[in-house]
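*Asks:* work.cif is reproduced below (mmCIF, N, CA and C atoms).
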data_data
#
loop_
_atom_site.group_PDB
_atom_site.id
_atom_site.type_symbol
_atom_site.label_atom_id
_atom_site.label_comp_id
_atom_site.auth_asym_id
_atom_site.auth_seq_id
_atom_site.Cartn_x
_atom_site.Cartn_y
_atom_site.Cartn_z
ATOM 1 N N MET H 1 33.466 21.301 -39.605
ATOM 2 C CA MET H 1 32.768 22.238 -38.744
ATOM 3 C C MET H 1 31.367 21.756 -38.392
ATOM 4 N N GLY H 2 30.734 20.996 -39.257
ATOM 5 C CA GLY H 2 29.382 20.531 -39.002
ATOM 6 C C GLY H 2 29.303 19.650 -37.763
ATOM 7 N N MET H 3 30.355 18.913 -37.499
ATOM 8 C CA MET H 3 30.391 18.017 -36.345
ATOM 9 C C MET H 3 30.349 18.795 -35.044
ATOM 10 N N ARG H 4 31.012 19.919 -34.998
ATOM 11 C CA ARG H 4 31.080 20.704 -33.772
ATOM 12 C C ARG H 4 29.710 21.257 -33.376
ATOM 13 N N SER H 5 28.935 21.726 -34.333
ATOM 14 C CA SER H 5 27.626 22.281 -34.001
ATOM 15 C C SER H 5 26.682 21.191 -33.490
ATOM 16 N N GLY H 6 26.797 19.977 -34.012
ATOM 17 C CA GLY H 6 25.977 18.867 -33.526
ATOM 18 C C GLY H 6 26.316 18.528 -32.091
ATOM 19 N N THR H 7 27.591 18.547 -31.778
ATOM 20 C CA THR H 7 28.031 18.266 -30.414
ATOM 21 C C THR H 7 27.534 19.348 -29.465
ATOM 22 N N THR H 8 27.616 20.599 -29.895
ATOM 23 C CA THR H 8 27.156 21.706 -29.062
ATOM 24 C C THR H 8 25.657 21.605 -28.830
ATOM 25 N N PHE H 9 24.910 21.245 -29.878
ATOM 26 C CA PHE H 9 23.462 21.100 -29.749
ATOM 27 C C PHE H 9 23.120 20.002 -28.749
ATOM 28 N N LYS H 10 23.791 18.866 -28.855
ATOM 29 C CA LYS H 10 23.548 17.758 -27.920
ATOM 30 C C LYS H 10 23.878 18.169 -26.496
ATOM 31 N N LYS H 11 24.970 18.893 -26.345
ATOM 32 C CA LYS H 11 25.373 19.339 -25.018
ATOM 33 C C LYS H 11 24.327 20.273 -24.421
ATOM 34 N N ARG H 12 23.813 21.196 -25.239
ATOM 35 C CA ARG H 12 22.792 22.134 -24.769
ATOM 36 C C ARG H 12 21.516 21.407 -24.370
ATOM 37 N N GLN H 13 21.122 20.407 -25.159
ATOM 38 C CA GLN H 13 19.934 19.625 -24.831
ATOM 39 C C GLN H 13 20.129 18.870 -23.513
ATOM 40 N N LYS H 14 21.320 18.350 -23.312
ATOM 41 C CA LYS H 14 21.629 17.630 -22.078
ATOM 42 C C LYS H 14 21.572 18.576 -20.874
ATOM 43 N N GLU H 15 22.110 19.779 -21.040
ATOM 44 C CA GLU H 15 22.066 20.777 -19.963
ATOM 45 C C GLU H 15 20.635 21.170 -19.638
ATOM 46 N N LEU H 16 19.821 21.373 -20.671
ATOM 47 C CA LEU H 16 18.420 21.742 -20.449
ATOM 48 C C LEU H 16 17.674 20.631 -19.710
ATOM 49 N N ALA H 17 17.918 19.385 -20.084
ATOM 50 C CA ALA H 17 17.270 18.254 -19.416
ATOM 51 C C ALA H 17 17.687 18.188 -17.952
ATOM 52 N N ARG H 18 18.978 18.436 -17.691
ATOM 53 C CA ARG H 18 19.476 18.409 -16.316
ATOM 54 C C ARG H 18 18.831 19.519 -15.484
ATOM 55 N N MET H 19 18.730 20.708 -16.054
ATOM 56 C CA MET H 19 18.120 21.833 -15.324
ATOM 57 C C MET H 19 16.637 21.585 -15.064
ATOM 58 N N GLU H 20 15.939 20.986 -16.023
ATOM 59 C CA GLU H 20 14.522 20.685 -15.835
ATOM 60 C C GLU H 20 14.337 19.657 -14.722
ATOM 61 N N LYS H 21 15.208 18.659 -14.699
ATOM 62 C CA LYS H 21 15.134 17.636 -13.653
ATOM 63 C C LYS H 21 15.375 18.261 -12.280
ATOM 64 N N GLN H 22 16.332 19.193 -12.196
ATOM 65 C CA GLN H 22 16.601 19.873 -10.931
ATOM 66 C C GLN H 22 15.397 20.696 -10.484
ATOM 67 N N ARG H 23 14.724 21.366 -11.424
ATOM 68 C CA ARG H 23 13.524 22.145 -11.077
ATOM 69 C C ARG H 23 12.421 21.236 -10.564
ATOM 70 N N ASP H 24 12.239 20.078 -11.209
ATOM 71 C CA ASP H 24 11.220 19.125 -10.775
ATOM 72 C C ASP H 24 11.508 18.616 -9.363
ATOM 73 N N LYS H 25 12.775 18.297 -9.109
ATOM 74 C CA LYS H 25 13.151 17.807 -7.785
ATOM 75 C C LYS H 25 12.929 18.878 -6.722
ATOM 76 N N ALA H 26 13.265 20.123 -7.037
ATOM 77 C CA ALA H 26 13.072 21.219 -6.093
ATOM 78 C C ALA H 26 11.581 21.411 -5.806
ATOM 79 N N ALA H 27 10.751 21.297 -6.829
ATOM 80 C CA ALA H 27 9.305 21.443 -6.640
ATOM 81 C C ALA H 27 8.761 20.323 -5.755
ATOM 82 N N ARG H 28 9.263 19.101 -5.956
ATOM 83 C CA ARG H 28 8.815 17.982 -5.110
ATOM 84 C C ARG H 28 9.244 18.190 -3.659
ATOM 85 N N ARG H 29 10.478 18.712 -3.460
ATOM 86 C CA ARG H 29 10.952 18.991 -2.101
ATOM 87 C C ARG H 29 10.051 20.008 -1.407
ATOM 88 N N VAL H 30 9.704 21.073 -2.116
ATOM 89 C CA VAL H 30 8.842 22.115 -1.545
ATOM 90 C C VAL H 30 7.475 21.531 -1.214
ATOM 91 N N GLN H 31 6.948 20.689 -2.092
ATOM 92 C CA GLN H 31 5.638 20.080 -1.859
ATOM 93 C C GLN H 31 5.667 19.170 -0.630
ATOM 94 N N ARG H 32 6.711 18.347 -0.503
ATOM 95 C CA ARG H 32 6.822 17.460 0.666
ATOM 96 C C ARG H 32 6.935 18.271 1.947
ATOM 97 N N LYS H 33 7.705 19.353 1.904
ATOM 98 C CA LYS H 33 7.874 20.187 3.087
ATOM 99 C C LYS H 33 6.545 20.821 3.479
ATOM 100 N N ALA H 34 5.775 21.273 2.502
ATOM 101 C CA ALA H 34 4.462 21.869 2.787
ATOM 102 C C ALA H 34 3.519 20.819 3.381
ATOM 103 N N GLU H 35 3.572 19.594 2.878
ATOM 104 C CA GLU H 35 2.728 18.528 3.420
ATOM 105 C C GLU H 35 3.108 18.214 4.861
ATOM 106 N N LYS H 36 4.401 18.210 5.153
ATOM 107 C CA LYS H 36 4.845 17.947 6.525
ATOM 108 C C LYS H 36 4.335 19.021 7.477
ATOM 109 N N LEU H 37 4.434 20.281 7.046
ATOM 110 C CA LEU H 37 4.018 21.385 7.902
ATOM 111 C C LEU H 37 2.511 21.410 8.113
ATOM 112 N N SER H 38 1.736 21.013 7.108
ATOM 113 C CA SER H 38 0.286 21.052 7.238
ATOM 114 C C SER H 38 -0.247 19.803 7.937
ATOM 115 N N GLY H 39 0.542 18.762 8.021
ATOM 116 C CA GLY H 39 0.120 17.539 8.704
ATOM 117 C C GLY H 39 -0.743 16.647 7.842
ATOM 118 N N ASP H 40 -0.827 16.899 6.551
ATOM 119 C CA ASP H 40 -1.640 16.084 5.655
ATOM 120 C C ASP H 40 -0.794 15.057 4.933
ATOM 121 N N SER H 41 0.020 14.356 5.657
ATOM 122 C CA SER H 41 0.899 13.377 5.035
ATOM 123 C C SER H 41 0.078 12.168 4.612
ATOM 124 N N PRO H 42 0.128 11.782 3.339
ATOM 125 C CA PRO H 42 -0.660 10.638 2.888
ATOM 126 C C PRO H 42 -0.183 9.311 3.460
ATOM 127 N N SER H 43 1.040 9.237 3.965
ATOM 128 C CA SER H 43 1.556 7.974 4.473
ATOM 129 C C SER H 43 1.038 7.658 5.879
ATOM 130 N N THR H 44 0.384 8.612 6.568
ATOM 131 C CA THR H 44 -0.090 8.341 7.918
ATOM 132 C C THR H 44 -1.521 7.845 7.948
ATOM 133 N N LEU H 45 -2.217 7.847 6.825
ATOM 134 C CA LEU H 45 -3.595 7.385 6.788
ATOM 135 C C LEU H 45 -3.723 6.158 5.905
ATOM 136 N N SER H 46 -4.569 5.240 6.339
ATOM 137 C CA SER H 46 -4.866 4.076 5.528
ATOM 138 C C SER H 46 -5.809 4.505 4.412
ATOM 139 N N ASP H 47 -5.551 4.074 3.189
ATOM 140 C CA ASP H 47 -6.376 4.482 2.054
ATOM 141 C C ASP H 47 -7.805 3.959 2.163
ATOM 142 N N ASP H 48 -7.970 2.725 2.578
ATOM 143 C CA ASP H 48 -9.306 2.149 2.579
ATOM 144 C C ASP H 48 -10.109 2.482 3.838
ATOM 145 N N LEU H 49 -9.480 2.739 4.956
ATOM 146 C CA LEU H 49 -10.206 2.999 6.193
ATOM 147 C C LEU H 49 -10.189 4.454 6.628
ATOM 148 N N GLY H 50 -9.173 5.192 6.240
ATOM 149 C CA GLY H 50 -9.066 6.572 6.669
ATOM 150 C C GLY H 50 -8.676 6.702 8.127
ATOM 151 N N GLU H 51 -8.089 5.665 8.681
ATOM 152 C CA GLU H 51 -7.674 5.671 10.078
ATOM 153 C C GLU H 51 -6.149 5.665 10.144
ATOM 154 N N PRO H 52 -5.578 6.184 11.217
ATOM 155 C CA PRO H 52 -4.114 6.170 11.350
ATOM 156 C C PRO H 52 -3.583 4.741 11.399
ATOM 157 N N LEU H 53 -2.405 4.555 10.854
ATOM 158 C CA LEU H 53 -1.766 3.240 10.861
ATOM 159 C C LEU H 53 -0.772 3.172 12.018
ATOM 160 N N ASP H 54 -1.258 2.851 13.199
ATOM 161 C CA ASP H 54 -0.408 2.797 14.378
ATOM 162 C C ASP H 54 0.208 1.423 14.580
ATOM 163 N N GLY H 55 -0.249 0.439 13.881
ATOM 164 C CA GLY H 55 0.264 -0.904 14.047
ATOM 165 C C GLY H 55 -0.883 -1.892 13.966
ATOM 166 N N PRO H 56 -0.640 -3.124 14.346
ATOM 167 C CA PRO H 56 -1.721 -4.119 14.285
ATOM 168 C C PRO H 56 -2.801 -3.810 15.314
ATOM 169 N N ALA H 57 -4.023 -4.175 14.979
ATOM 170 C CA ALA H 57 -5.146 -3.957 15.885
ATOM 171 C C ALA H 57 -5.005 -4.875 17.093
ATOM 172 N N PRO H 58 -5.380 -4.401 18.267
ATOM 173 C CA PRO H 58 -5.296 -5.261 19.455
ATOM 174 C C PRO H 58 -6.262 -6.436 19.330
ATOM 175 N N LEU H 59 -5.845 -7.589 19.857
ATOM 176 C CA LEU H 59 -6.668 -8.790 19.803
ATOM 177 C C LEU H 59 -7.720 -8.758 20.902
ATOM 178 N N GLU H 60 -8.891 -9.233 20.580
ATOM 179 C CA GLU H 60 -9.956 -9.390 21.570
ATOM 180 C C GLU H 60 -9.750 -10.727 22.281
ATOM 181 N N ALA H 61 -10.451 -10.926 23.394
ATOM 182 C CA ALA H 61 -10.281 -12.156 24.175
ATOM 183 C C ALA H 61 -10.640 -13.391 23.353
ATOM 184 N N GLY H 62 -11.652 -13.331 22.497
ATOM 185 C CA GLY H 62 -12.068 -14.476 21.696
ATOM 186 C C GLY H 62 -11.159 -14.729 20.508
ATOM 187 N N ASP H 63 -10.313 -13.772 20.165
ATOM 188 C CA ASP H 63 -9.440 -13.905 19.009
ATOM 189 C C ASP H 63 -8.120 -14.601 19.330
ATOM 190 N N LEU H 64 -7.837 -14.830 20.602
ATOM 191 C CA LEU H 64 -6.572 -15.430 20.994
ATOM 192 C C LEU H 64 -6.537 -16.908 20.614
ATOM 193 N N PRO H 65 -5.435 -17.379 20.066
ATOM 194 C CA PRO H 65 -5.333 -18.801 19.739
ATOM 195 C C PRO H 65 -5.195 -19.627 21.019
ATOM 196 N N GLU H 66 -5.691 -20.845 20.948
ATOM 197 C CA GLU H 66 -5.588 -21.714 22.117
ATOM 198 C C GLU H 66 -4.178 -22.281 22.185
ATOM 199 N N VAL H 67 -3.670 -22.386 23.404
ATOM 200 C CA VAL H 67 -2.330 -22.900 23.623
ATOM 201 C C VAL H 67 -2.410 -24.420 23.688
ATOM 202 N N VAL H 68 -1.580 -25.087 22.874
ATOM 203 C CA VAL H 68 -1.540 -26.551 22.871
ATOM 204 C C VAL H 68 -0.250 -26.959 23.540
ATOM 205 N N ARG H 69 -0.389 -27.761 24.571
ATOM 206 C CA ARG H 69 0.787 -28.237 25.312
ATOM 207 C C ARG H 69 1.285 -29.528 24.683
ATOM 208 N N MET H 70 2.576 -29.563 24.436
ATOM 209 C CA MET H 70 3.186 -30.759 23.886
ATOM 210 C C MET H 70 3.654 -31.636 25.058
ATOM 211 N N PRO H 71 3.531 -32.967 24.909
ATOM 212 C CA PRO H 71 3.994 -33.837 25.987
ATOM 213 C C PRO H 71 5.517 -33.721 26.129
ATOM 214 N N ALA H 72 5.971 -33.812 27.358
ATOM 215 C CA ALA H 72 7.385 -33.697 27.642
ATOM 216 C C ALA H 72 8.120 -34.920 27.092
ATOM 217 N N VAL H 73 9.268 -34.703 26.538
ATOM 218 C CA VAL H 73 10.096 -35.788 25.992
ATOM 219 C C VAL H 73 11.121 -36.161 27.056
ATOM 220 N N GLU H 74 11.155 -37.466 27.358
ATOM 221 C CA GLU H 74 12.101 -37.923 28.393
ATOM 222 C C GLU H 74 13.196 -38.729 27.812
#
For this file, write the structure as structure tokens.
*Replies:*
Amino acid sequence: MGMRSGTTFKKRQKELARMEKQRDKAARRVQRKAEKLSGDSPSTLSDDLGEPLDGPAPLEAGDLPEVVRMPAVE
């Protein structure tokens, strides 16, 4: 009989862990949804500059690399 109570205890602990994990996941879902609605998504701002990450910065005229023409091979 002692074996059965140990198994039941382990099963109960496993169920409690599963339920806690589900609660944590639900809380994270609610938090993400609230962030989306408020527009304060951390992924849209650069951490060091605080500017939106729209892509690479446009090149200025002096920043363009010079084009080197290769001689034609005949």
*Asks:* To one decimal in Å, tell me the separation between CA of Arg29 (chain H) and CA of Leu16 (chain H).
*Replies:* 20.0 Å
*Asks:* Just give me the gap between atom N of Lys10 (chain H) and atom N of Ala26 (chain H) in Å, one decimal is fine.
*Replies:*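 Here the two named atoms are 24.3 Å from each other.
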*Asks:* For the atom pair atom C of Pro56 (chain H) and CA of Val68 (chain H), what is the interatomic distance in Å to one decimal place?
*Replies:*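 Atom C of Pro56 (chain H) sits 24.0 Å away from CA of Val68 (chain H).
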